[in-house]
Amino acid sequence: MSTRTVRVRDVKAADSANLQHGIDDLYEDRVDVIVIRGAFPREPLASAGASLDRDDITQGWNRPNAKMPVEDIQILGTDTPATPTYSAPRGASLETYLESAKKHRSDTTGVFAPGFDATKEFQRVLAGCASGRPADVAATTGGDSYVPYTIRRLTDGRQIGAHHDYHYGLSLYNDLAPRLDTSTLVSFVVTLGKPDAGGELVVYGVTPQTPAPKLPNGFSWDVPAIEKEYSFERLVMDVGDVFLLASGRCLHRVSPIQGAKARVTMGGFLALDKPRERVLFWS
């Protein structure tokens, strides 16, 4: 087995001593995953998660991976995520993304009870891990705001396949990436709805430079072979738990959902700005 282990810091939200420098620790390769238990208040998230997991209500879900049914993730908050998808393997243009971003407020209005502001909650949690830096939603040099977060739903039999999230090379990032410390990319995710089974975050000791095995197509990772050879951690999240993952560095996936209840999450990506004075986040 490979000697690189997956380093997980699993702490309660009140444990500020182990959280306050978390983003620096992710950047400096001192830790790979930080799990913050109870980071968000449970009730508004549980209520929203239950409502979002009803098929009798039209939520306006977008399905950019519908061409690959096993990875048919449903997304609310944009129809143009800041990632590659099966409908746009090289990502969308910045212009298309920003046009979609204008619809974020209308798409997410009414998801949460009055008085709960998901963007401000993310700012609070992320700033608490940022060594005293503020956490702000990313914007273009022209002042257009990026999407602060998206809501995602995976239903029975769906999964997210093994991948790295180093997306800075996409044209969508031409404006943002030059203003960031791109030595890694960090994912942040909070759980709104927990499935009956499955849906765990699985993180591997495999970096983009690791010669880990792939399937004969030369593109997809050979997960069973990797799990025989490399260290990995399987992490279960409850409603209100947040994880920060060095997703640009660590191979990871979400295991298949099992049962009637979906995995409903909310989050995006973050990075330090180039002077390392602020945390910027988007989705």
# chains A, B, ... in the order shown; residues from 1 in each chain; ligands from 1
>>> residues_around(residues="Val264 of chain A", least_positions_apart="3", cutoff="9 Å", atoms="only C-alpha atoms", output="PyMOL selection string")
chain A and resi 49-50+52-53+151-155+190-195
>>> closest_atom_pairs(of="segment 91-143 of chain A", to="segment 29-41 of chain A", cutoff="9 Å", atoms="only C-alpha atoms", output="tab-separated table")
residue	atom	partner	partner_atom	distance
A:Glu121	CA	A:Phe40	CA	7.3
A:Phe122	CA	A:Phe40	CA	8.7
A:Val125	CA	A:Ala39	CA	6.9
>>> select_by_dssp(residues="segment 7-236 of chain A", states="strand (DSSP E)", output="PDB file with C-alpha atoms, in the first residue's frame")
ATOM      1  CA  VAL A   8      -8.565  13.946   8.517  1.00  0.00           C
ATOM      2  CA  ARG A   9      -9.268  16.503  11.240  1.00  0.00           C
ATOM      3  CA  ASP A  10     -12.719  15.688  12.634  1.00  0.00           C
ATOM      4  CA  VAL A  11     -13.822  18.265  15.223  1.00  0.00           C
ATOM      5  CA  LYS A  12     -16.883  19.906  16.727  1.00  0.00           C
ATOM      6  CA  VAL A  33      -9.944  17.013   5.063  1.00  0.00           C
ATOM      7  CA  ILE A  34     -11.475  19.026   7.891  1.00  0.00           C
ATOM      8  CA  VAL A  35     -14.875  17.867   9.144  1.00  0.00           C
ATOM      9  CA  ILE A  36     -16.751  20.391  11.299  1.00  0.00           C
ATOM     10  CA  ARG A  37     -19.557  18.675  13.185  1.00  0.00           C
ATOM     11  CA  GLN A  74     -29.474  17.581  -9.684  1.00  0.00           C
ATOM     12  CA  ILE A  75     -28.361  21.188  -9.134  1.00  0.00           C
ATOM     13  CA  LEU A  76     -30.280  24.192  -7.848  1.00  0.00           C
ATOM     14  CA  ALA A 135     -14.470  35.221   3.577  1.00  0.00           C
ATOM     15  CA  ASP A 136     -16.202  36.855   0.615  1.00  0.00           C
ATOM     16  CA  VAL A 137     -18.112  35.710  -2.444  1.00  0.00           C
ATOM     17  CA  THR A 150     -25.264  25.622  -5.195  1.00  0.00           C
ATOM     18  CA  ILE A 151     -27.610  23.005  -3.753  1.00  0.00           C
ATOM     19  CA  ARG A 152     -27.102  19.458  -5.010  1.00  0.00           C
ATOM     20  CA  ARG A 153     -29.224  16.319  -4.842  1.00  0.00           C
ATOM     21  CA  LEU A 154     -28.189  12.725  -5.501  1.00  0.00           C
ATOM     22  CA  ILE A 160     -20.125  11.213  -7.998  1.00  0.00           C
ATOM     23  CA  GLY A 161     -17.206   9.363  -9.573  1.00  0.00           C
ATOM     24  CA  ALA A 162     -13.581   9.649  -8.491  1.00  0.00           C
ATOM     25  CA  HIS A 163     -11.974  12.925  -9.576  1.00  0.00           C
ATOM     26  CA  VAL A 186     -10.646  23.572  -1.597  1.00  0.00           C
ATOM     27  CA  SER A 187     -14.216  22.273  -1.660  1.00  0.00           C
ATOM     28  CA  PHE A 188     -16.680  23.222   1.082  1.00  0.00           C
ATOM     29  CA  VAL A 189     -19.929  21.290   1.561  1.00  0.00           C
ATOM     30  CA  VAL A 190     -22.665  21.186   4.209  1.00  0.00           C
ATOM     31  CA  THR A 191     -25.265  18.408   4.439  1.00  0.00           C
ATOM     32  CA  LEU A 192     -28.974  19.271   4.317  1.00  0.00           C
ATOM     33  CA  GLY A 193     -30.351  15.771   3.840  1.00  0.00           C
ATOM     34  CA  LEU A 201     -17.331  11.144   0.986  1.00  0.00           C
ATOM     35  CA  VAL A 202     -14.428   8.847   0.082  1.00  0.00           C
ATOM     36  CA  VAL A 203     -10.995  10.505  -0.053  1.00  0.00           C
ATOM     37  CA  TYR A 204      -7.830   8.844  -1.385  1.00  0.00           C
ATOM     38  CA  PHE A 232      -8.373   6.103   1.798  1.00  0.00           C
ATOM     39  CA  GLU A 233     -10.933   7.400   4.290  1.00  0.00           C
ATOM     40  CA  ARG A 234     -14.708   7.027   4.145  1.00  0.00           C
ATOM     41  CA  LEU A 235     -16.506   9.918   5.898  1.00  0.00           C
TER      42      LEU A 235
END
>>> residues_around(residues="Asn65 of chain A", least_positions_apart="4", cutoff="7 Å", atoms="only C-alpha atoms", output="list in words")
Glu71, Asp72, Ile73, Thr85, Tyr86 and Ser87 of chain A
>>> residues_around(residues="Gln20 of chain A", least_positions_apart="3", cutoff="10 Å", atoms="only C-alpha atoms", output="ChimeraX atom specification")
/A:15-17,23-25,125-133
>>> write_last_selection(atoms="N, CA and C atoms", output="PDB file, in the first residue's frame")
ATOM      1  N   ASP A  15     -14.782  23.780  18.614  1.00  0.00           N
ATOM      2  CA  ASP A  15     -13.339  23.557  18.814  1.00  0.00           C
ATOM      3  C   ASP A  15     -12.536  24.542  17.966  1.00  0.00           C
ATOM      4  N   SER A  16     -12.610  25.805  18.333  1.00  0.00           N
ATOM      5  CA  SER A  16     -11.996  26.852  17.506  1.00  0.00           C
ATOM      6  C   SER A  16     -10.486  26.698  17.397  1.00  0.00           C
ATOM      7  N   ALA A  17      -9.840  26.135  18.407  1.00  0.00           N
ATOM      8  CA  ALA A  17      -8.381  26.000  18.374  1.00  0.00           C
ATOM      9  C   ALA A  17      -7.928  25.104  17.232  1.00  0.00           C
ATOM     10  N   ILE A  23      -7.767  26.498   6.889  1.00  0.00           N
ATOM     11  CA  ILE A  23      -7.537  26.709   5.457  1.00  0.00           C
ATOM     12  C   ILE A  23      -6.048  26.792   5.158  1.00  0.00           C
ATOM     13  N   ASP A  24      -5.283  27.429   6.034  1.00  0.00           N
ATOM     14  CA  ASP A  24      -3.824  27.425   5.856  1.00  0.00           C
ATOM     15  C   ASP A  24      -3.280  25.995   5.920  1.00  0.00           C
ATOM     16  N   ASP A  25      -3.808  25.187   6.836  1.00  0.00           N
ATOM     17  CA  ASP A  25      -3.337  23.813   6.960  1.00  0.00           C
ATOM     18  C   ASP A  25      -3.657  22.991   5.721  1.00  0.00           C
ATOM     19  N   VAL A 125     -18.665  30.499   8.842  1.00  0.00           N
ATOM     20  CA  VAL A 125     -17.936  29.242   9.062  1.00  0.00           C
ATOM     21  C   VAL A 125     -16.556  29.292   8.411  1.00  0.00           C
ATOM     22  N   LEU A 126     -16.491  29.780   7.183  1.00  0.00           N
ATOM     23  CA  LEU A 126     -15.204  29.803   6.476  1.00  0.00           C
ATOM     24  C   LEU A 126     -14.238  30.796   7.104  1.00  0.00           C
ATOM     25  N   ALA A 127     -14.731  31.961   7.520  1.00  0.00           N
ATOM     26  CA  ALA A 127     -13.859  32.934   8.181  1.00  0.00           C
ATOM     27  C   ALA A 127     -13.304  32.360   9.480  1.00  0.00           C
ATOM     28  N   GLY A 128     -14.071  31.500  10.144  1.00  0.00           N
ATOM     29  CA  GLY A 128     -13.603  30.878  11.372  1.00  0.00           C
ATOM     30  C   GLY A 128     -12.468  29.896  11.167  1.00  0.00           C
ATOM     31  N   CYS A 129     -12.202  29.540   9.914  1.00  0.00           N
ATOM     32  CA  CYS A 129     -11.099  28.625   9.577  1.00  0.00           C
ATOM     33  C   CYS A 129      -9.978  29.329   8.840  1.00  0.00           C
ATOM     34  N   ALA A 130     -10.011  30.669   8.808  1.00  0.00           N
ATOM     35  CA  ALA A 130      -9.168  31.415   7.873  1.00  0.00           C
ATOM     36  C   ALA A 130      -8.111  32.283   8.534  1.00  0.00           C
ATOM     37  N   SER A 131      -7.717  31.965   9.751  1.00  0.00           N
ATOM     38  CA  SER A 131      -6.639  32.699  10.432  1.00  0.00           C
ATOM     39  C   SER A 131      -6.893  34.197  10.489  1.00  0.00           C
ATOM     40  N   GLY A 132      -8.139  34.577  10.737  1.00  0.00           N
ATOM     41  CA  GLY A 132      -8.488  35.985  10.875  1.00  0.00           C
ATOM     42  C   GLY A 132      -8.843  36.691   9.582  1.00  0.00           C
ATOM     43  N   ARG A 133      -8.776  36.009   8.459  1.00  0.00           N
ATOM     44  CA  ARG A 133      -9.141  36.629   7.181  1.00  0.00           C
ATOM     45  C   ARG A 133     -10.658  36.660   7.028  1.00  0.00           C
TER      46      ARG A 133
END
